[in-house]
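This report concerns only the one structure given below.
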Amino acid sequence: MKLLFDLSSNQNIYDGVTVYALRILKGFKKHNYHHITILCNSAIYDYITSNYPEYTCIKAKIDNNNGSLIKNGWKWHKQVKNIDCDVIFSPNPYLTYFTTKKIIQTIHDLQPLKIYSGRTLLAFRIFLPLILLRSHRIITITDFVKKEIKRIYPFIPARKLHTISNCVIVDPTRYPSSPLPERYLLYVSTLWEYKNILTLLQAINILKTKIPHKLVIIGKPMDDYWEKTCIPYIKEHQLEPHILHFSKPIDDQLLAQYYQFADLFIHPSLLEGFGYPPIEAAIHKTPVLTTKETALYESTMGILNYYEPATDSQALAKKIQELLANPPSNEKLNQIAEKLRNQYDYYKQAEKVYQFLTQN
């Protein structure tokens, strides 16, 4: 079977959806799956061609920065129409509503319906159901996402939906020294409002005279929420000495060091279709504190540390103190890491995806 792997809308190798796609592609390569063509956005074309030379790579003709959804969708359709393939796999279903070919797509979450407004929200409300209807089959990354699709779009046949979890790849290397001289708590994720970073800052304000730790934030602001809400809070409460923020991506080796030497990893998010960071931190054998919101309790298999309610800074601060005073044993951290590593092994997950894509 000839497979077209559609990366035409993926513009950044650090983006979560692109990470998902590249991990599956890495699994395909390790399985030595053949007859794969990659339709690739120009922004990641060089990366793909250098890392996956065994596959034919075609540069997409769309212009994500200037073209409209309809214009780019039509360009995408015309290009795909002339590519010889039996099925299209689109890990980022953004422009696929015009195609008449057999297409299988991954839906990661329905966050756009909750976090956007205006014309962007209108576009998602129009095109997302068209994408769902057009799909031959749909991969959902958690059962939570599957249930959300059934709830919001009850006209989508349940037989189309199949859950195959994300891949999680963590380098097993253990590093000898910390990237910082101080003890620290760690947050790794984007800085959207729904990530609930303000509650974490409020908890740090409660704890700033009670614990010696800095809060290390590794994450990019995605809108003006960080600048307009979080920065003023930090300044008002004089938290600058207690916070270290990295807004640009850091390399995998340094990120692994930050994970491994954190006394506690904190992920207070309110909306997740899956949630990579707490799982990655746990596989690095770091204690993790997160919420039970949306898909997080499912994806973390209920084996991490949780606090409730998610927006209660007092509850968060109390749980942080408890875990710093009584951290999980090394034996328990090892058990958690092994269970999550086995659950989300990229080799196994890529095989599940490939079998799903190639079944009749």
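Ordering of the structure tokens sets the chain letters (A, B, ...); residue numbers start at 1 within each chain; ligands are numbered from 1 in the order shown.
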Legend entry - Long-range neighbours of Tyr233 of chain A as a list in words, 10 Å cut-off, only C-alpha atoms, 4 positions minimum in chain: Leu198, Leu201, Gln202, Asn205, Trp226, Glu227, Lys228, Thr229, His237, Gln238 and Leu239 of chain A
Legend entry - Members of segment 230-308 of chain A assigned helix (DSSP H, G or I) by DSSP, as an NGL selection string: :A and (230-236 or 240-242 or 252-261 or 276-283 or 296-299)
Saved selection, atoms kept: N, CA and C atoms, as a short mmCIF file (atom, residue, chain, number, x, y, z; two decimals), in the first residue's frame:
data_model
loop_
_atom_site.label_atom_id
_atom_site.label_comp_id
_atom_site.auth_asym_id
_atom_site.auth_seq_id
_atom_site.Cartn_x
_atom_site.Cartn_y
_atom_site.Cartn_z
N CYS A 230 0.73 37.71 33.56
CA CYS A 230 1.72 37.03 34.40
C CYS A 230 2.89 37.94 34.80
N ILE A 231 3.44 38.66 33.84
CA ILE A 231 4.56 39.55 34.16
C ILE A 231 4.16 40.60 35.20
N PRO A 232 3.00 41.28 35.05
CA PRO A 232 2.60 42.22 36.11
C PRO A 232 2.46 41.56 37.48
N TYR A 233 1.95 40.32 37.51
CA TYR A 233 1.82 39.61 38.80
C TYR A 233 3.20 39.35 39.40
N ILE A 234 4.14 38.91 38.57
CA ILE A 234 5.50 38.65 39.04
C ILE A 234 6.11 39.91 39.63
N LYS A 235 5.94 41.03 38.95
CA LYS A 235 6.52 42.29 39.41
C LYS A 235 5.83 42.79 40.68
N GLU A 236 4.52 42.71 40.70
CA GLU A 236 3.76 43.20 41.85
C GLU A 236 4.15 42.47 43.13
N GLU A 240 10.62 38.10 40.93
CA GLU A 240 11.73 38.00 39.97
C GLU A 240 12.89 37.15 40.49
N PRO A 241 13.31 37.29 41.76
CA PRO A 241 14.44 36.47 42.23
C PRO A 241 14.11 34.98 42.33
N HIS A 242 12.82 34.66 42.28
CA HIS A 242 12.39 33.28 42.49
C HIS A 242 12.08 32.55 41.18
N ASP A 252 17.68 19.10 23.42
CA ASP A 252 17.15 17.94 24.14
C ASP A 252 18.03 17.54 25.32
N GLN A 253 19.35 17.65 25.16
CA GLN A 253 20.27 17.25 26.23
C GLN A 253 20.12 18.15 27.45
N LEU A 254 20.05 19.46 27.21
CA LEU A 254 19.89 20.38 28.33
C LEU A 254 18.52 20.24 28.97
N LEU A 255 17.48 20.03 28.13
CA LEU A 255 16.14 19.83 28.68
C LEU A 255 16.11 18.59 29.57
N ALA A 256 16.77 17.53 29.14
CA ALA A 256 16.84 16.31 29.95
C ALA A 256 17.49 16.58 31.30
N GLN A 257 18.53 17.41 31.30
CA GLN A 257 19.18 17.77 32.56
C GLN A 257 18.23 18.54 33.48
N TYR A 258 17.48 19.47 32.90
CA TYR A 258 16.51 20.20 33.72
C TYR A 258 15.46 19.26 34.30
N TYR A 259 14.99 18.32 33.50
CA TYR A 259 14.03 17.34 34.01
C TYR A 259 14.64 16.54 35.17
N GLN A 260 15.83 16.01 34.97
CA GLN A 260 16.39 15.05 35.91
C GLN A 260 16.77 15.64 37.26
N PHE A 261 17.12 16.92 37.28
CA PHE A 261 17.59 17.51 38.53
C PHE A 261 16.54 18.40 39.21
N TYR A 276 2.30 15.87 26.92
CA TYR A 276 3.64 15.28 26.92
C TYR A 276 4.45 15.55 28.20
N PRO A 277 4.57 16.81 28.64
CA PRO A 277 5.59 17.14 29.65
C PRO A 277 5.53 16.34 30.94
N PRO A 278 4.36 16.14 31.58
CA PRO A 278 4.40 15.38 32.83
C PRO A 278 4.83 13.93 32.63
N ILE A 279 4.51 13.38 31.46
CA ILE A 279 4.92 12.00 31.18
C ILE A 279 6.43 11.94 30.95
N GLU A 280 6.96 12.91 30.18
CA GLU A 280 8.39 12.95 29.94
C GLU A 280 9.16 13.13 31.26
N ALA A 281 8.67 14.03 32.10
CA ALA A 281 9.33 14.26 33.39
C ALA A 281 9.33 12.98 34.23
N ALA A 282 8.20 12.27 34.25
CA ALA A 282 8.09 11.05 35.04
C ALA A 282 9.02 9.96 34.50
N ILE A 283 9.17 9.88 33.18
CA ILE A 283 10.09 8.89 32.61
C ILE A 283 11.53 9.24 32.95
N LEU A 296 -5.61 14.51 31.21
CA LEU A 296 -4.37 14.30 31.95
C LEU A 296 -4.40 13.07 32.86
N TYR A 297 -5.50 12.84 33.52
CA TYR A 297 -5.54 11.68 34.42
C TYR A 297 -5.45 10.39 33.62
N GLU A 298 -6.09 10.38 32.45
CA GLU A 298 -6.03 9.20 31.58
C GLU A 298 -4.62 8.99 31.03
N SER A 299 -4.03 10.04 30.45
CA SER A 299 -2.74 9.88 29.79
C SER A 299 -1.62 9.58 30.78
#
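The interatomic distance for the pair atom CA of Ser165 of chain A and atom CA of Ser90 of chain A works out to 15.6 Å.
You can rank A:Gln349, A:Thr142, A:Asn196, A:Asn326 by their closest distance to Ala310 of chain A using only C-alpha atoms, and at the top of that list sits A:Asn196.
For segment 131-253 of chain A, backbone-based DSSP labels the following residues as strand (DSSP E): A:Arg137, A:Ile138, A:Ile139, A:Thr140, A:Leu161, A:His162, A:Thr163, A:Tyr184, A:Leu185, A:Leu186, A:Tyr187, A:Val188, A:Lys214, A:Leu215, A:Val216, A:Ile217, A:Ile218, A:Ile243, A:Leu244, A:His245, A:Phe246.
Nearest to Leu95 of chain A of all the residues A:Thr49, A:Thr163, A:Ser8, A:Thr140 is A:Ser8, based on only C-alpha atoms.
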Write out as a tab-separated table the residues of segment 152-266 of chain A that have any atom within 9 Å of an atom of segment 115-123 of chain A, one row each with the nearest atom pair and its distance in Å to one decimal, counting only C-alpha atoms, sorted by chain and then rising number.
residue	atom	partner	partner_atom	distance
A:Trp192	CA	A:Ile115	CA	8.9
A:Glu193	CA	A:Ile115	CA	8.6
A:Tyr194	CA	A:Ile115	CA	7.7
Those residues with N, CA and C atoms, as a PDB file, in the first residue's frame please?
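Okay, this is what ended up in out_5.pdb:
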ATOM      1  N   TRP A 192       0.078  29.495  27.165  1.00  0.00           N
ATOM      2  CA  TRP A 192      -1.322  29.855  26.957  1.00  0.00           C
ATOM      3  C   TRP A 192      -2.012  30.043  28.306  1.00  0.00           C
ATOM      4  N   GLU A 193      -3.089  30.797  28.319  1.00  0.00           N
ATOM      5  CA  GLU A 193      -3.835  30.990  29.568  1.00  0.00           C
ATOM      6  C   GLU A 193      -4.353  29.669  30.118  1.00  0.00           C
ATOM      7  N   TYR A 194      -4.793  28.773  29.230  1.00  0.00           N
ATOM      8  CA  TYR A 194      -5.373  27.513  29.704  1.00  0.00           C
ATOM      9  C   TYR A 194      -4.334  26.577  30.343  1.00  0.00           C
TER      10      TYR A 194
END
Inset, instruction - Please provide the set of residues having any atom within 7 Å of Tyr94 of chain A, restricted to only C-alpha atoms, with same-chain residues fewer than 2 positions apart removed, written as a PyMOL selection string. - result: chain A and resi 9+92+96
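Close contacts of Ile48 of chain A, defined as residues with an atom at most 9 Å away when counting only C-alpha atoms, with chain neighbours fewer than 3 positions off set aside, comprise Leu22, Ile38, Cys40, Ile44, Tyr45, Asn51, Tyr52, Pro53 and Cys57 of chain A.
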Legend entry - Point-to-point distance from atom CA of Pro157 of chain A to atom CA of Gly273 of chain A, Å rounded to tenths: 20.3 Å
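Of note, atom CA of Tyr306 of chain A and atom CA of Lys147 of chain A are spaced 22.4 Å apart.
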Legend entry - 8 Å contact set for segment 350-357 of chain A, only C-alpha atoms, chain neighbours under 4 positions out, as a list in words: Arg23, Ile24, Leu25, Gly27, Phe28, His31, Val87, Phe89, Ile104, Ile164, Cys167 and Tyr346 of chain A
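Here the question is which of A:Gly275, A:Lys292, A:Lys2, A:Lys61 gets nearest to Val168 of chain A using only C-alpha atoms, and that residue is A:Gly275.
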Inset, instruction - Skip Leu271 of chain A itself and residues of its chain fewer than 4 positions away, then list as a list in words all residues within 8 Å of it, counting only C-alpha atoms. - result: Gln111, Tyr194, Lys195, Glu293, Thr294 and Ala295 of chain A
Legend entry - Exercise: His213 of chain A partners within 12 Å, only C-alpha atoms, chain neighbours under 3 positions left out, as a PyMOL selection string: chain A and resi 180-186+204-205+207-210+216+239+241-244+262-264+320-321+324
